[in-house]
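Novice: Dumping the structure here so I can ask a few things about it.
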Amino acid sequence: MAEFEPERYELREPPAYQFDPGRREFLFIAGSGLLICLAAGDAEAQTGRGTRLQIADDGVVTVFTGKVEVGQGSRTQIAMAAAEELGVPLEKIRVVMADTSLVPNDGITAGSRTTPSTVPAVRKAAAAARNRDVTDARDWRVLGKAQHHVQGRAIVTGAHEFPSDIRRPGMLYGCVLRAPAYGSTLIEADLAPAKKLADVVAVRDGAFVGCAAPTSFAARKAVEAIAASARWKTEAHPSSRQLFDHLKRTAITEGGRPPRIQTKGSVDQVLAQSGKRVKAAYQVSYIQHAPMEPRAAVAEWDGGSLTVWTGTQNPFGVRDQLAQAFQLGNDRVRVIVPDSGGGFGGKHTGEVAIEAARLAKQAAKPVSLRWTRAEEFMWAYFRPAGLFEVEAALEGSLITAWDFTNYNAGAAAIESPYKTAATRTRFLYCNSPLREGSYRGIAATANTFARECFIDELAQAASADPLEFRLANLENPRLRDVLTAAAKKFRWNERKEKGIGLACGTEKGSYVAACARVEIENGAPRVREFCMAYECGGILNPSNLKAQVEGSIIQGLGGALTEEIQFEGGRLLNGSFAKYRMPRLRDVPPLGIVLLDRRDLPPAGAGETPIIAVAPAIANAVFHATGKRPRSMPVRLG
């Protein structure tokens with residue numbers, strides 16, 4: 001295992017401890033400071049891996065968390081939480097994150113859970129250290145105020161190290177043989193050409209084939225030598241042009257799991273009796289996470305123990321995957337996650353860590369494996385594609401029946417926030433032709449897109465203003481508040497020009513509304529103005545929250561307008577930044593951000609929900625500009 005560095009993270013003498021069953025905390029007291037363990041389980045806490053914070057003699061406080069930093073600002077927010085409850089300056093706080101041998105298991109960094117779960121745990125631990133209750137939001141001195149990123153200087157100066165920057169003594173570089181197409185099976189691979197090359201280690205472990213060498217160039221050349229004679233069995237694979245027919249055809253029967261259906265009232269009866277029915281279908285394409293830093297890992301064996309440095313949002317999950325892959329106990333595997341270059345839900349799995357460890361085991365040296373951009377595009381998982389069929393009945397400006405069917409995209413935020421006496425919501429599993437998984441906002445983006453575009457269609461059928469139609473059918477006061485705040489900031493009721501649209505939604509305990517103005521240039525929409533109102537309870541760090549909202553809008557522009565994975569014959573047609581059009585700075589319009597601070601409510605996470613309103617607001621603005629209803633994401637005019 002890698003060197004433990006006890007002088008940084010552990011007390012130097014065995015501490016006495018006392019367990020408080022009411023708080024489920026161990027209070028460790030020793031001459032060199034105080035350690036507090038929050039017990040997920042008694043055994044874990046007693047080993048020290050449940051340690052939450054250490055207060056040293058010099059006043060420096062070290063906070064331990066299993067969460068990771070992938071640019072979302074969690075390191076700063078966790079430090080702020082400790083500083084608030086301990087009453088110490090922020091610069092006195094150090095945060096150790098995502099080292100499975102040192103930190104408590106706070107779960108995967110996903111689902112916007114750091115704010116509502118880990119921050120309260122840190123606050124309670126810090127308050128326990130001072131033997132007091134947790135500070136009321138009305139009395140915050142650190143939380144609730146804008147704070148810069150605690151490692152901001154290192155990041156902007158280039159001193160910050162990412163997983164791709166990790167170096168170990170004697171380290172080699174790896175490269176892996178990849179299949180030529182999705183669904184391909186390796187039949188034969190001759191390692192002899194690679195083994196003839198100087199200083200190259202060639203590895204085959206079942207279907208896995210790779211090489212390690214002193215340079216990444218040499219490793220790549222060795223894999224190319226193997227690939228020249230490798231034989232593969234390929235299978236037929238649908239193209240992106242056939243995608244939505246394929247999803248509907250394979251729903252239920254080939255998806256392998258029964259549909260999820262929720263009903264209220266008799267939808268069929270209300271629809272049959274209604275004098276006004278509206279029906280539409282929508283499509284949402286696969287898109288890639290495309291983080292600036294592709295998957296990367298450095299693996300190092302020490303006897304029968306394994307240490308891996310990697311960029312993942314799931315450190316303990318990757319530890320478990322490594323332990324299973326190599327038939328090790330969890331105590332023989334250590335995963336360390338440096339602050340990483342983006343995730344967006346795309347780094348939940350440990351494939352690069354396992355690949356690096358296979359190479360390192362055979363080479364008997366540390367091995368660094370970095371996926372290329374092409375590998376990241378093709379072999380990482382995608383945000384699920386989806387097909388949506390929606391039908392509703394109207395009585396005046398009120399929705400009386402709602403029938404919503406989602407093929408494949410997922411169930412997050414699938415329930416409509418609009419009041420309706422009769423509803424039916426169905427999610428059908430399908431046979432996805434591409435590997436799919438979590439993405440920022442997961443299915444909430446797709447479900448909100450289909451729902452909010454359809455709400456505009458209902459407003460048109462009712463001859464109602466889109467804002468007034470929504471307010472007439474919404475009861476939730478928090479959703480109404482963000483909708484009216486965004487409309488006020490955007491001056492919705494004063495607008496006379498063509499090309500404006502709005503949308504709203506809720507997910508993960510927070511609420512969002514957006515307004516957009518678009519123009520059509522050379523047959524394509526261009527966003528000229530964008531406004532968003534967002535509410536996630538009490539705001540912990542206003543500057544970071546604003547950055548999260550702005551980042552969501554910019555990323556949402558890509559999914560709304562240009563991002564779409566194209567494939568044929570089991571191969572990607574646009575798996576590079578040159579062909580896969582991401583938003584550029586010139587694509588970003590002036591942004592108006594309204595943050596509603598609800599100190600009376602618990603803080604919710606903000607990493608995901610703001611993105612869900614971006615695409616439908618733009619699509620609705622495109623309709624207002626052209627009179628043609630966009631029913632796909634990305635938005636198409638043809």
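By order of appearance in the structure tokens: chains A, B, ..., then residues from 1 within every chain, and ligands from 1 in the order shown.
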Give me, as a PyMOL selection string, the residues of range 88-167 of chain A that a backbone DSSP run labels strand (DSSP E or B).
Specialist: chain A and resi 93-97+99
Novice: Would you export the selected residues with N, CA and C atoms as a tab-separated table (two decimals), in the first residue's frame, please?
Specialist:
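out_7.tsv, written as the output of this step:
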```
chain	number	residue	atom	x	y	z
A	93	ILE	N	-9.07	25.48	8.15
A	93	ILE	CA	-9.71	24.19	7.85
A	93	ILE	C	-9.00	23.51	6.70
A	94	ARG	N	-8.68	22.24	6.86
A	94	ARG	CA	-8.16	21.40	5.79
A	94	ARG	C	-9.16	20.27	5.56
A	95	VAL	N	-9.38	19.92	4.32
A	95	VAL	CA	-10.35	18.88	4.00
A	95	VAL	C	-9.65	17.73	3.28
A	96	VAL	N	-9.71	16.53	3.86
A	96	VAL	CA	-9.20	15.32	3.23
A	96	VAL	C	-10.40	14.58	2.64
A	97	MET	N	-10.37	14.36	1.33
A	97	MET	CA	-11.52	13.80	0.63
A	97	MET	C	-11.17	12.47	-0.03
A	99	ASP	N	-10.35	9.26	0.29
A	99	ASP	CA	-9.27	8.29	0.46
A	99	ASP	C	-9.85	7.18	1.32
```
Novice: Among range 240-467 of chain A, which residues carry a DSSP assignment of helix (DSSP H, G or I), reported as a PyMOL selection string?
Specialist: chain A and resi 240-250+267-273+315-325+330-332+351-363+373-379+443-461+466-467
Novice: For Ala411 in chain A, which residue out of A:Ile618, A:Ile261, A:Val352, A:Cys531 is the nearest one, using only C-alpha atoms?
Specialist: A:Ile261
Novice: So which residues touch Glu568 in chain A within 12 Å, counting only C-alpha atoms, skipping near sequence neighbours fewer than 5 positions away, as a ChimeraX atom specification?
Specialist: /A:181-182,236-243,433-434,573-575
Novice: Near Leu197 in chain A, within 9 Å and counting only C-alpha atoms, which residues show up once chain neighbours fewer than 3 positions away are dropped, as a list in words?
Specialist: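 My reading of the contact set: Pro193, Ala194, Val200, Val201, Ala218 and Ala222 of chain A.
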Novice: So that I have them on file, write out the residues from the current selection with N, CA and C atoms, as a PDB file, in the first residue's frame.
Specialist:
```
ATOM      1  N   PRO A 193       4.078  -9.965 -31.163  1.00  0.00           N
ATOM      2  CA  PRO A 193       4.665  -8.750 -31.752  1.00  0.00           C
ATOM      3  C   PRO A 193       4.946  -7.664 -30.724  1.00  0.00           C
ATOM      4  N   ALA A 194       4.081  -7.560 -29.698  1.00  0.00           N
ATOM      5  CA  ALA A 194       4.307  -6.546 -28.666  1.00  0.00           C
ATOM      6  C   ALA A 194       5.457  -6.937 -27.743  1.00  0.00           C
ATOM      7  N   VAL A 200       8.573  -3.575 -23.086  1.00  0.00           N
ATOM      8  CA  VAL A 200       7.114  -3.634 -23.135  1.00  0.00           C
ATOM      9  C   VAL A 200       6.617  -4.850 -22.361  1.00  0.00           C
ATOM     10  N   VAL A 201       5.593  -4.667 -21.545  1.00  0.00           N
ATOM     11  CA  VAL A 201       4.899  -5.764 -20.867  1.00  0.00           C
ATOM     12  C   VAL A 201       3.544  -5.915 -21.547  1.00  0.00           C
ATOM     13  N   ALA A 218       5.083   4.370 -26.586  1.00  0.00           N
ATOM     14  CA  ALA A 218       5.555   2.992 -26.755  1.00  0.00           C
ATOM     15  C   ALA A 218       4.445   1.994 -26.425  1.00  0.00           C
ATOM     16  N   ALA A 222       2.771  -0.733 -29.068  1.00  0.00           N
ATOM     17  CA  ALA A 222       2.716  -2.157 -28.761  1.00  0.00           C
ATOM     18  C   ALA A 222       1.297  -2.699 -28.956  1.00  0.00           C
TER      19      ALA A 222
END
```
Novice: Set the distance at 10 Å and use only C-alpha atoms: which residues neighbour Pro214 in chain A once local chain neighbours fewer than 3 positions away are removed? I'd like the list as a PyMOL selection string.
Specialist: chain A and resi 170-174+198-201+217-219+367
